[in-house]
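*Asks:* Following this line is query19.txt, made up of compact mmCIF, C-alpha atoms:
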```
# COMPACT_ATOMS: atom_id res chain seq x y z
CA MET A 1380 34.56 4.86 -1.59
CA ALA A 1381 31.72 2.52 -0.62
CA SER A 1382 28.84 2.10 -3.03
CA GLY A 1383 25.31 3.10 -2.03
CA GLN A 1384 24.43 -0.54 -1.52
CA GLN A 1385 27.56 -1.15 0.57
CA ALA A 1386 26.62 1.78 2.78
CA ARG A 1387 23.10 0.40 3.13
CA ALA A 1388 24.51 -3.01 4.08
CA GLN A 1389 26.39 -1.40 6.95
CA ALA A 1390 23.57 0.93 8.02
CA ALA A 1391 20.91 -1.79 7.92
CA ALA A 1392 22.82 -4.33 9.99
CA ILE A 1393 20.42 -5.97 12.44
CA THR A 1394 22.99 -7.29 14.91
CA PRO A 1395 21.74 -6.54 18.44
CA GLY A 1396 23.70 -4.10 20.56
CA ARG A 1397 25.00 -1.98 17.66
CA ARG A 1398 25.25 1.64 18.65
CA SER A 1399 26.99 4.44 16.77
CA SER A 1400 27.06 8.20 16.56
CA GLU A 1401 24.54 7.90 13.71
CA ALA A 1402 22.22 5.87 15.92
CA GLU A 1403 22.55 8.42 18.70
CA ALA A 1404 21.77 11.25 16.29
CA ALA A 1405 18.72 9.29 15.13
CA ALA A 1406 17.49 9.22 18.72
CA ALA A 1407 17.09 13.02 18.75
CA PRO A 1408 13.50 14.32 18.51
CA PRO A 1409 12.29 14.66 14.89
CA ALA A 1410 11.77 18.43 15.21
CA GLU A 1411 15.37 18.86 16.35
CA ARG A 1412 16.68 16.72 13.50
CA LEU A 1413 14.72 18.83 11.01
CA ARG A 1414 16.13 22.04 12.47
CA GLU A 1415 19.62 20.62 12.04
CA LEU A 1416 18.83 19.60 8.48
CA PHE A 1417 17.29 22.90 7.39
CA GLY A 1418 19.19 25.29 9.64
CA GLY A 1419 22.31 27.19 8.58
CA HIS A 1420 21.24 27.55 4.95
CA ARG A 1421 20.13 30.64 3.08
CA LEU A 1422 16.72 29.72 1.69
CA SER A 1423 14.60 31.67 -0.77
CA PRO A 1424 10.95 32.40 0.09
CA ALA A 1425 9.83 29.44 -2.06
CA GLN A 1426 12.37 27.19 -0.38
CA ARG A 1427 11.23 28.29 3.06
CA ARG A 1428 7.68 27.30 2.06
CA ILE A 1429 8.94 23.85 1.15
CA ALA A 1430 10.84 23.54 4.44
CA GLN A 1431 7.77 24.62 6.39
CA PHE A 1432 5.54 22.13 4.59
CA LEU A 1433 8.00 19.32 5.27
CA THR A 1434 8.10 20.30 8.92
CA ASP A 1435 4.33 20.55 9.31
CA HIS A 1436 3.49 17.38 7.35
CA LEU A 1437 6.64 15.29 7.87
CA THR A 1438 5.14 11.80 8.19
CA GLU A 1439 3.33 12.18 4.87
CA ALA A 1440 5.63 14.55 3.00
CA ALA A 1441 8.75 12.39 3.43
CA PHE A 1442 7.21 9.76 1.14
CA LEU A 1443 5.83 12.03 -1.58
CA SER A 1444 7.23 12.07 -5.09
CA ILE A 1445 8.76 15.31 -6.33
CA THR A 1446 5.59 15.92 -8.38
CA GLU A 1447 3.32 15.40 -5.39
CA LEU A 1448 5.43 17.60 -3.12
CA ALA A 1449 5.59 20.42 -5.66
CA GLU A 1450 1.81 20.30 -6.11
CA ARG A 1451 1.13 20.27 -2.35
CA VAL A 1452 3.42 23.24 -1.68
CA GLY A 1453 2.41 25.14 -4.82
CA VAL A 1454 5.89 25.43 -6.32
CA SER A 1455 7.57 24.05 -9.43
CA GLN A 1456 9.48 20.78 -9.52
CA PRO A 1457 12.76 22.62 -10.29
CA SER A 1458 12.18 24.64 -7.10
CA VAL A 1459 12.08 21.40 -5.11
CA THR A 1460 15.28 20.22 -6.81
CA ARG A 1461 17.03 23.52 -6.05
CA PHE A 1462 15.84 23.30 -2.44
CA ALA A 1463 17.42 19.86 -2.07
CA SER A 1464 20.64 21.10 -3.66
CA SER A 1465 20.78 24.12 -1.36
CA LEU A 1466 20.78 21.71 1.60
CA GLY A 1467 23.75 19.84 0.15
CA PHE A 1468 21.93 16.88 -1.41
CA THR A 1469 22.50 15.59 -4.93
CA GLY A 1470 18.79 15.89 -5.65
CA TYR A 1471 15.32 15.38 -4.23
CA PRO A 1472 15.58 11.56 -3.97
CA ALA A 1473 18.61 11.95 -1.68
CA LEU A 1474 16.76 14.50 0.47
CA ARG A 1475 13.72 12.23 0.69
CA GLU A 1476 15.92 9.32 1.75
CA ALA A 1477 17.27 11.50 4.59
CA LEU A 1478 13.77 12.60 5.63
CA GLN A 1479 12.18 9.16 5.73
CA PRO A 1480 13.94 7.80 8.85
CA ILE A 1481 13.09 11.06 10.64
CA ALA A 1482 9.44 10.62 9.65
CA LEU A 1483 9.45 7.01 10.77
CA SER A 1484 10.93 7.97 14.14
CA ALA A 1485 8.10 10.50 14.51
CA VAL A 1486 5.56 7.74 13.84
CA ALA A 1487 7.33 5.42 16.27
CA GLY A 1488 7.09 8.08 18.95
CA VAL A 1489 3.28 8.30 18.83
CA PRO A 1490 1.83 7.14 22.20
CA GLY A 1491 0.39 3.63 21.98
CA GLU A 1492 2.49 2.67 18.95
CA GLY A 1493 4.72 -0.35 19.50
CA GLU A 1494 4.48 -0.35 23.30
CA GLY A 1495 7.13 -2.52 24.88
CA GLU A 1496 9.25 -2.57 21.72
CA GLY A 1497 11.35 0.52 22.34
CA ARG A 1498 10.65 3.89 20.90
CA HIS A 1499 12.32 3.48 17.52
CA GLY A 1500 12.18 -0.27 16.90
CA ASN A 1501 14.90 -2.14 15.05
CA GLU A 1502 16.06 -1.95 11.43
CA LEU A 1503 13.69 -4.69 10.28
CA GLN A 1504 10.74 -2.88 11.84
CA SER A 1505 11.86 0.37 10.22
CA ALA A 1506 12.01 -1.38 6.85
CA ILE A 1507 8.46 -2.62 7.35
CA ASP A 1508 7.33 0.87 8.37
CA ALA A 1509 8.81 2.26 5.16
CA GLU A 1510 6.98 -0.34 3.09
CA ILE A 1511 3.74 0.52 4.88
CA GLU A 1512 4.25 4.11 3.78
CA ASN A 1513 4.89 2.94 0.21
CA LEU A 1514 1.61 1.04 0.33
CA MET A 1515 -0.22 4.07 1.74
CA SER A 1516 1.18 6.23 -1.05
CA LEU A 1517 0.00 3.67 -3.60
CA ARG A 1518 -3.41 3.61 -1.94
CA ARG A 1519 -3.71 7.38 -2.34
CA ALA A 1520 -2.62 7.14 -5.99
CA LEU A 1521 -5.30 4.53 -6.70
CA ALA A 1522 -8.17 6.53 -5.21
CA ASP A 1523 -9.40 6.74 -8.80
CA PRO A 1524 -8.95 3.26 -10.33
CA ASP A 1525 -9.88 4.29 -13.88
CA ARG A 1526 -6.30 4.08 -15.22
CA ILE A 1527 -5.82 0.59 -13.78
CA VAL A 1528 -9.13 -0.53 -15.25
CA ALA A 1529 -8.21 0.93 -18.65
CA ILE A 1530 -4.76 -0.67 -18.82
CA GLY A 1531 -6.17 -3.99 -17.66
CA ARG A 1532 -8.57 -3.87 -20.58
CA GLU A 1533 -5.77 -3.09 -23.05
CA LEU A 1534 -3.45 -5.81 -21.76
CA ALA A 1535 -6.27 -8.35 -21.81
CA ARG A 1536 -6.93 -7.54 -25.46
CA SER A 1537 -3.28 -7.85 -26.50
CA VAL A 1538 -2.74 -11.38 -27.81
CA PRO A 1539 0.04 -12.18 -27.34
CA LEU A 1540 0.94 -10.09 -24.29
CA THR A 1541 4.64 -9.57 -23.64
CA VAL A 1542 5.98 -9.03 -20.11
CA VAL A 1543 9.49 -7.57 -19.72
CA GLY A 1544 11.73 -7.65 -16.66
CA LEU A 1545 15.52 -7.63 -16.67
CA ARG A 1546 18.04 -8.09 -13.87
CA ILE A 1547 16.42 -7.44 -10.47
CA SER A 1548 13.02 -7.00 -12.13
CA VAL A 1549 12.95 -10.58 -13.45
CA SER A 1550 11.10 -11.88 -10.39
CA LEU A 1551 8.29 -9.33 -10.72
CA ALA A 1552 7.91 -10.06 -14.43
CA GLU A 1553 7.80 -13.82 -13.89
CA TYR A 1554 5.27 -13.50 -11.06
CA PHE A 1555 3.02 -11.39 -13.27
CA ALA A 1556 3.37 -13.71 -16.25
CA TYR A 1557 2.74 -16.83 -14.13
CA ALA A 1558 -0.54 -15.41 -12.88
CA ALA A 1559 -1.55 -13.80 -16.17
CA ARG A 1560 -1.31 -17.15 -17.98
CA ARG A 1561 -4.22 -18.37 -15.88
CA ILE A 1562 -6.53 -15.79 -17.45
CA HIS A 1563 -4.84 -14.87 -20.75
CA PRO A 1564 -4.29 -17.19 -23.73
CA ASP A 1565 -0.76 -16.12 -24.74
CA VAL A 1566 1.68 -14.49 -22.32
CA ARG A 1567 5.35 -14.22 -23.26
CA VAL A 1568 8.20 -13.20 -20.96
CA VAL A 1569 11.36 -11.34 -21.92
CA THR A 1570 14.08 -11.55 -19.26
CA ARG A 1571 17.15 -11.04 -21.46
CA GLY A 1572 18.20 -7.95 -23.35
CA GLY A 1573 19.93 -7.49 -26.70
CA SER A 1574 18.95 -9.33 -29.86
CA VAL A 1575 17.10 -12.02 -27.89
CA ALA A 1576 14.71 -9.40 -26.56
CA TYR A 1577 14.32 -7.82 -29.99
CA ASP A 1578 13.43 -11.18 -31.55
CA GLY A 1579 10.77 -11.80 -28.91
CA LEU A 1580 9.25 -8.35 -29.33
CA LEU A 1581 9.19 -8.58 -33.11
CA GLN A 1582 7.58 -12.03 -33.03
CA ALA A 1583 4.95 -10.80 -30.58
CA ARG A 1584 4.08 -7.86 -32.80
CA GLU A 1585 3.90 -10.02 -35.93
CA ALA A 1586 1.62 -12.43 -34.05
CA GLY A 1587 -0.83 -9.60 -33.36
CA GLY A 1588 0.34 -8.30 -29.98
CA THR A 1589 -0.25 -4.64 -29.21
CA TRP A 1590 1.10 -4.10 -25.68
CA VAL A 1591 4.13 -4.79 -23.52
CA LEU A 1592 4.11 -4.60 -19.73
CA ALA A 1593 7.60 -3.74 -18.46
CA PHE A 1594 9.01 -3.70 -14.94
CA ALA A 1595 11.91 -1.38 -14.08
CA MET A 1596 13.08 -1.40 -10.48
CA PRO A 1597 16.30 0.17 -9.18
CA ARG A 1598 19.07 0.00 -10.11
CA HIS A 1599 17.60 0.87 -13.48
CA ALA A 1600 19.41 -0.94 -16.25
CA LYS A 1601 20.36 0.69 -19.53
CA GLU A 1602 19.32 -2.50 -21.30
CA THR A 1603 15.77 -2.07 -19.94
CA LEU A 1604 15.60 1.33 -21.64
CA ALA A 1605 16.90 -0.26 -24.84
CA VAL A 1606 14.20 -2.97 -24.71
CA VAL A 1607 11.45 -0.41 -24.10
CA ARG A 1608 12.67 1.61 -27.09
CA ALA A 1609 12.85 -1.55 -29.19
CA ALA A 1610 9.25 -2.39 -28.27
CA ARG A 1611 8.12 1.05 -29.38
CA GLY A 1612 10.23 0.66 -32.51
CA VAL A 1613 8.40 -2.47 -33.66
CA GLY A 1614 4.99 -0.90 -33.03
CA LEU A 1615 4.14 -2.13 -29.54
CA ARG A 1616 2.79 0.15 -26.84
CA VAL A 1617 4.45 0.02 -23.42
CA ALA A 1618 2.95 0.10 -19.93
CA LEU A 1619 5.68 0.57 -17.32
CA ILE A 1620 5.67 -0.32 -13.62
CA THR A 1621 8.51 1.51 -11.91
CA ASP A 1622 9.43 3.63 -8.92
CA LEU A 1623 10.24 6.60 -11.19
CA THR A 1624 7.88 9.42 -12.08
CA HIS A 1625 10.31 11.06 -14.49
CA GLY A 1626 13.37 10.12 -16.50
CA PRO A 1627 14.20 8.32 -19.76
CA LEU A 1628 12.25 5.16 -18.95
CA ALA A 1629 9.07 7.03 -18.03
CA GLU A 1630 9.41 9.27 -21.08
CA GLU A 1631 9.58 6.29 -23.44
CA ALA A 1632 6.51 4.49 -22.03
CA ASP A 1633 2.92 5.07 -23.11
CA GLU A 1634 1.56 4.50 -19.59
CA VAL A 1635 3.53 4.75 -16.35
CA PHE A 1636 2.43 3.34 -12.99
CA THR A 1637 4.65 4.21 -10.05
CA ALA A 1638 5.11 2.31 -6.81
CA GLY A 1639 7.83 2.93 -4.24
CA THR A 1640 10.38 0.29 -3.36
CA GLY A 1641 11.64 -0.44 0.14
CA SER A 1642 15.24 0.75 0.43
CA ARG A 1643 15.94 0.42 4.15
CA LEU A 1644 17.84 -2.86 3.89
CA VAL A 1645 20.79 -3.91 1.76
CA PHE A 1646 18.45 -5.24 -0.95
CA ASP A 1647 15.24 -3.52 -2.00
CA SER A 1648 11.82 -4.93 -1.20
CA TYR A 1649 8.78 -4.70 -3.47
CA ALA A 1650 5.55 -4.75 -1.49
CA ALA A 1651 3.96 -1.85 -3.40
CA PRO A 1652 5.03 -2.95 -6.93
CA GLY A 1653 3.78 -6.45 -6.13
CA LEU A 1654 0.40 -5.17 -5.01
CA LEU A 1655 0.17 -2.88 -8.04
CA SER A 1656 0.88 -5.90 -10.25
CA ALA A 1657 -1.90 -7.85 -8.56
CA GLY A 1658 -4.26 -4.91 -9.14
CA ILE A 1659 -3.49 -4.89 -12.86
CA LEU A 1660 -4.02 -8.66 -12.98
CA GLN A 1661 -7.41 -8.14 -11.35
CA ALA A 1662 -8.27 -5.50 -13.95
CA MET A 1663 -7.30 -7.92 -16.72
CA ALA A 1664 -9.51 -10.60 -15.20
CA ASP A 1665 -12.42 -8.16 -14.94
CA ALA A 1666 -11.97 -7.00 -18.54
CA ASP A 1667 -13.11 -10.37 -19.93
CA PRO A 1668 -14.95 -12.20 -17.13
CA GLU A 1669 -16.24 -15.00 -19.35
CA ARG A 1670 -12.77 -15.87 -20.65
CA THR A 1671 -11.36 -15.55 -17.14
CA GLN A 1672 -13.92 -17.94 -15.68
CA THR A 1673 -13.47 -20.48 -18.46
CA ARG A 1674 -9.69 -20.51 -18.19
CA LEU A 1675 -9.69 -20.71 -14.41
CA GLU A 1676 -12.12 -23.63 -14.45
CA LYS A 1677 -9.96 -25.47 -17.01
CA TYR A 1678 -6.88 -24.91 -14.89
CA GLU A 1679 -8.57 -26.18 -11.74
CA HIS A 1680 -9.70 -29.27 -13.63
CA ALA A 1681 -6.14 -29.92 -14.83
CA ALA A 1682 -4.72 -29.32 -11.36
CA GLU A 1683 -7.13 -31.85 -9.89
CA GLN A 1684 -6.59 -34.36 -12.66
CA HIS A 1685 -2.80 -34.27 -12.38
CA ASP A 1686 -2.70 -33.78 -8.60
CA PHE A 1687 -0.61 -30.58 -8.69
CA PHE A 1688 -1.08 -29.44 -5.12
CA LEU A 1689 -0.97 -30.68 -1.55
CA ASP A 1690 -4.20 -30.93 0.38
CA ASP A 1691 -3.84 -28.04 2.82
```
Spit out the file's structure as structure tokens when you get a sec.
*Replies:*
Amino acid sequence: MASGQQARAQAAAITPGRRSSEAEAAAAPPAERLRELFGGHRLSPAQRRIAQFLTDHLTEAAFLSITELAERVGVSQPSVTRFASSLGFTGYPALREALQPIALSAVAGVPGEGEGEGRHGNELQSAIDAEIENLMSLRRALADPDRIVAIGRELARSVPLTVVGLRISVSLAEYFAYAARRIHPDVRVVTRGGSVAYDGLLQAREAGGTWVLAFAMPRHAKETLAVVRAARGVGLRVALITDLTHGPLAEEADEVFTAGTGSRLVFDSYAAPGLLSAGILQAMADADPERTQTRLEKYEHAAEQHDFFLDD
């Protein structure tokens, strides 16, 4: 049986001229596709409310977390899970993944959108559309920036500051650490699990560190959970950037910031987590503007002195 990623590799192929029964089904009007999805199932009154909300607010609802959807409909999160199961899905994430291409086709069908490109666009355009929705969801979540401001202040005060990212999350952790070093005096990166990670966390705590910023993108590694628990075990607090609202990783962290990942192509894309990272970096810079300015000026002086960059 093909893995989820193998299936995505086949479904996301961008070779021109590809046409399949799946592609033909995707060409059906969104309302018809929803009727096929929801029809033929015995739904409870609460489940019918969920189905009606998804139908009425498809382009937004297809990108909501289970918490957001439950709140909008006025039902419990277990009710949403049971609704997904009653339709034959393994859970709400699987249902949402089925709804998102329908929602994107509805957006693509709006008059004036993408004229001359075909009604549905290609797989690369669909992937970009999905990332735009992830960014819009993040924008709604950050309507009140107080939590970002608060965590920026805490991370700025933690000297040293440890940044954790294992496996696929290494690149996000290294990007954050690279930028953070411009405005923070001691940033340490943990990109390996096991005893190496434990040593780094223990040394950071003994040196006076108070916080860890961890990245956990899918597929979520067991060793990431172990590192987060180890950080808590040595007395460090953990801020987590992930795509998960619930689960073991979120439960172990002191602060959780969620951002959706793009899953339309064979490998995930990280527009929203990247922007969330940049927002936290901005909050760190704002937390100590004098230190930020001093460090940035010193770096620019060094860059000029040693001729780091091309003259663009």
*Asks:* To one decimal place in Å, what is the distance between CA of Gly1614 in chain A and CA of Gly1587 in chain A?
*Replies:*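 The value is 10.5 Å.
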*Asks:* Could you name the residues that touch range 1524-1541 of chain A at 6 Å or less, counting only C-alpha atoms, but leaving out those on the same chain fewer than 3 positions away, as a PyMOL selection string?
*Replies:* chain A and resi 1521+1565-1568+1588-1591+1659+1662-1663+1666
*Asks:* Compute the distance from (3.1, 14.4, 3.2) to each atom, counting only C-alpha atoms, keep the residues with any atom at most 8 Å away, and return them as a ChimeraX atom specification; use the coordinates of the file.
*Replies:* /A:1433,1436-1443,1448
*Asks:* CA of Thr1624 in chain A to CA of Arg1412 in chain A: how many Å, to one decimal?
*Replies:* 28.0 Å
*Asks:* Rounded to one decimal in Å, what is the spacing between CA of Glu1630 in chain A and CA of Ser1465 in chain A?
*Replies:*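 Between these atoms lies a distance of 27.2 Å.
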*Asks:* Give me, as an NGL selection string, all polymer residues having an atom no more than 9 Å from Val1454 in chain A, counting only C-alpha atoms and skipping those fewer than 6 positions away in the same chain.
*Replies:* :A and (1425-1426 or 1428-1429 or 1448)
*Asks:* Restricting the calculation to all atoms listed in the file: of A:Pro1597, A:Ala1651, A:Arg1561, A:Gly1626, which residue gets closest to Gln1672 in chain A?
*Replies:* A:Arg1561
*Asks:* Hey, what's within 10 Å of range 1461-1463 of chain A if we count all atoms listed in the file and toss same-chain stuff fewer than 6 positions away? As number ranges by chain, please?
*Replies:* A: 1417, 1422-1423, 1425-1427, 1429-1430, 1469-1475
*Asks:* In terms of the shortest atom-to-atom distance over only C-alpha atoms, which of A:Ala1556, A:His1420, A:Tyr1649, A:Ile1481 is closest to Ser1505 in chain A?
*Replies:*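 Looking only at the distances to Ser1505 in chain A, the closest residue turns out to be A:Ile1481.
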*Asks:* Near Thr1673 in chain A, counting only C-alpha atoms, which residues have an atom at most 12 Å away, once you skip same-chain residues fewer than 3 positions from it, shown as a CSV table (one decimal) with C-alpha atoms, in the coordinates of the input?
*Replies:*
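Result file follows (out-v6.csv):
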```csv
chain,number,residue,atom,x,y,z
A,1561,ARG,CA,-4.2,-18.4,-15.9
A,1562,ILE,CA,-6.5,-15.8,-17.4
A,1563,HIS,CA,-4.8,-14.9,-20.8
A,1564,PRO,CA,-4.3,-17.2,-23.7
A,1664,ALA,CA,-9.5,-10.6,-15.2
A,1667,ASP,CA,-13.1,-10.4,-19.9
A,1668,PRO,CA,-15.0,-12.2,-17.1
A,1669,GLU,CA,-16.2,-15.0,-19.4
A,1670,ARG,CA,-12.8,-15.9,-20.6
A,1676,GLU,CA,-12.1,-23.6,-14.4
A,1677,LYS,CA,-10.0,-25.5,-17.0
A,1678,TYR,CA,-6.9,-24.9,-14.9
A,1679,GLU,CA,-8.6,-26.2,-11.7
A,1680,HIS,CA,-9.7,-29.3,-13.6
```
*Asks:* Between A:Asn1513, A:Ser1455, A:Thr1460, A:Thr1434, which is the closest to Pro1652 in chain A once you count only C-alpha atoms?
*Replies:*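 The shortest atom-to-atom distance to Pro1652 in chain A comes from A:Asn1513.
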*Asks:* Could you put an axis-aligned box around every listed atom of range 1529-1534 of chain A, padded by 6 Å on each side, and send me its centre and edge lengths in Å to one decimal, as JSON?
*Replies:*
```
{"center_x": -6.0, "center_y": -2.4, "center_z": -20.4, "size_x": 17.1, "size_y": 18.7, "size_z": 17.4}
```
*Asks:* Considering all atoms listed in the file, return as a list in words whatever protein or nucleic-acid residues lie within 12 Å of Arg1546 in chain A, sequence-local ones (same chain, fewer than 6 positions apart) excluded.
*Replies:*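 My list of contacting residues is Ala1552, Glu1553, Val1569, Thr1570, Arg1571, Gly1572, Phe1594, Ala1595, Met1596, Pro1597, Arg1598, His1599, Ala1600, Lys1601, Glu1602 and Thr1603 of chain A.
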*Asks:* Hey, can you spit out that residue selection with C-alpha atoms as an mmCIF file, keeping the file's coordinate frame?
*Replies:*
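Writing the result to part11.cif gives the following:
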```cif
data_model
loop_
_atom_site.group_PDB
_atom_site.id
_atom_site.type_symbol
_atom_site.label_atom_id
_atom_site.label_comp_id
_atom_site.auth_asym_id
_atom_site.auth_seq_id
_atom_site.Cartn_x
_atom_site.Cartn_y
_atom_site.Cartn_z
ATOM 1 C CA ALA A 1552 7.910 -10.060 -14.430
ATOM 2 C CA GLU A 1553 7.800 -13.820 -13.890
ATOM 3 C CA VAL A 1569 11.360 -11.340 -21.920
ATOM 4 C CA THR A 1570 14.080 -11.550 -19.260
ATOM 5 C CA ARG A 1571 17.150 -11.040 -21.460
ATOM 6 C CA GLY A 1572 18.200 -7.950 -23.350
ATOM 7 C CA PHE A 1594 9.010 -3.700 -14.940
ATOM 8 C CA ALA A 1595 11.910 -1.380 -14.080
ATOM 9 C CA MET A 1596 13.080 -1.400 -10.480
ATOM 10 C CA PRO A 1597 16.300 0.170 -9.180
ATOM 11 C CA ARG A 1598 19.070 0.000 -10.110
ATOM 12 C CA HIS A 1599 17.600 0.870 -13.480
ATOM 13 C CA ALA A 1600 19.410 -0.940 -16.250
ATOM 14 C CA LYS A 1601 20.360 0.690 -19.530
ATOM 15 C CA GLU A 1602 19.320 -2.500 -21.300
ATOM 16 C CA THR A 1603 15.770 -2.070 -19.940
#
```
*Asks:* Restricting the calculation to only C-alpha atoms, which member of A:Glu1510, A:Leu1551, A:Leu1604, A:Pro1480 is positioned closest to Ala1657 in chain A?
*Replies:*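 Of all the options, A:Leu1551 lies closest to Ala1657 in chain A.
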*Asks:* Which of these residues is nearest to Asp1435 in chain A, using all atoms listed in the file: A:Val1606, A:Ala1482, A:Leu1655, A:Val1549?
*Replies:* A:Ala1482
*Asks:* Which residue gives the smallest distance to Val1617 in chain A among A:Val1542, A:Ile1547, A:Ser1656, A:Gly1453, with all atoms listed in the file counted?
*Replies:* A:Val1542
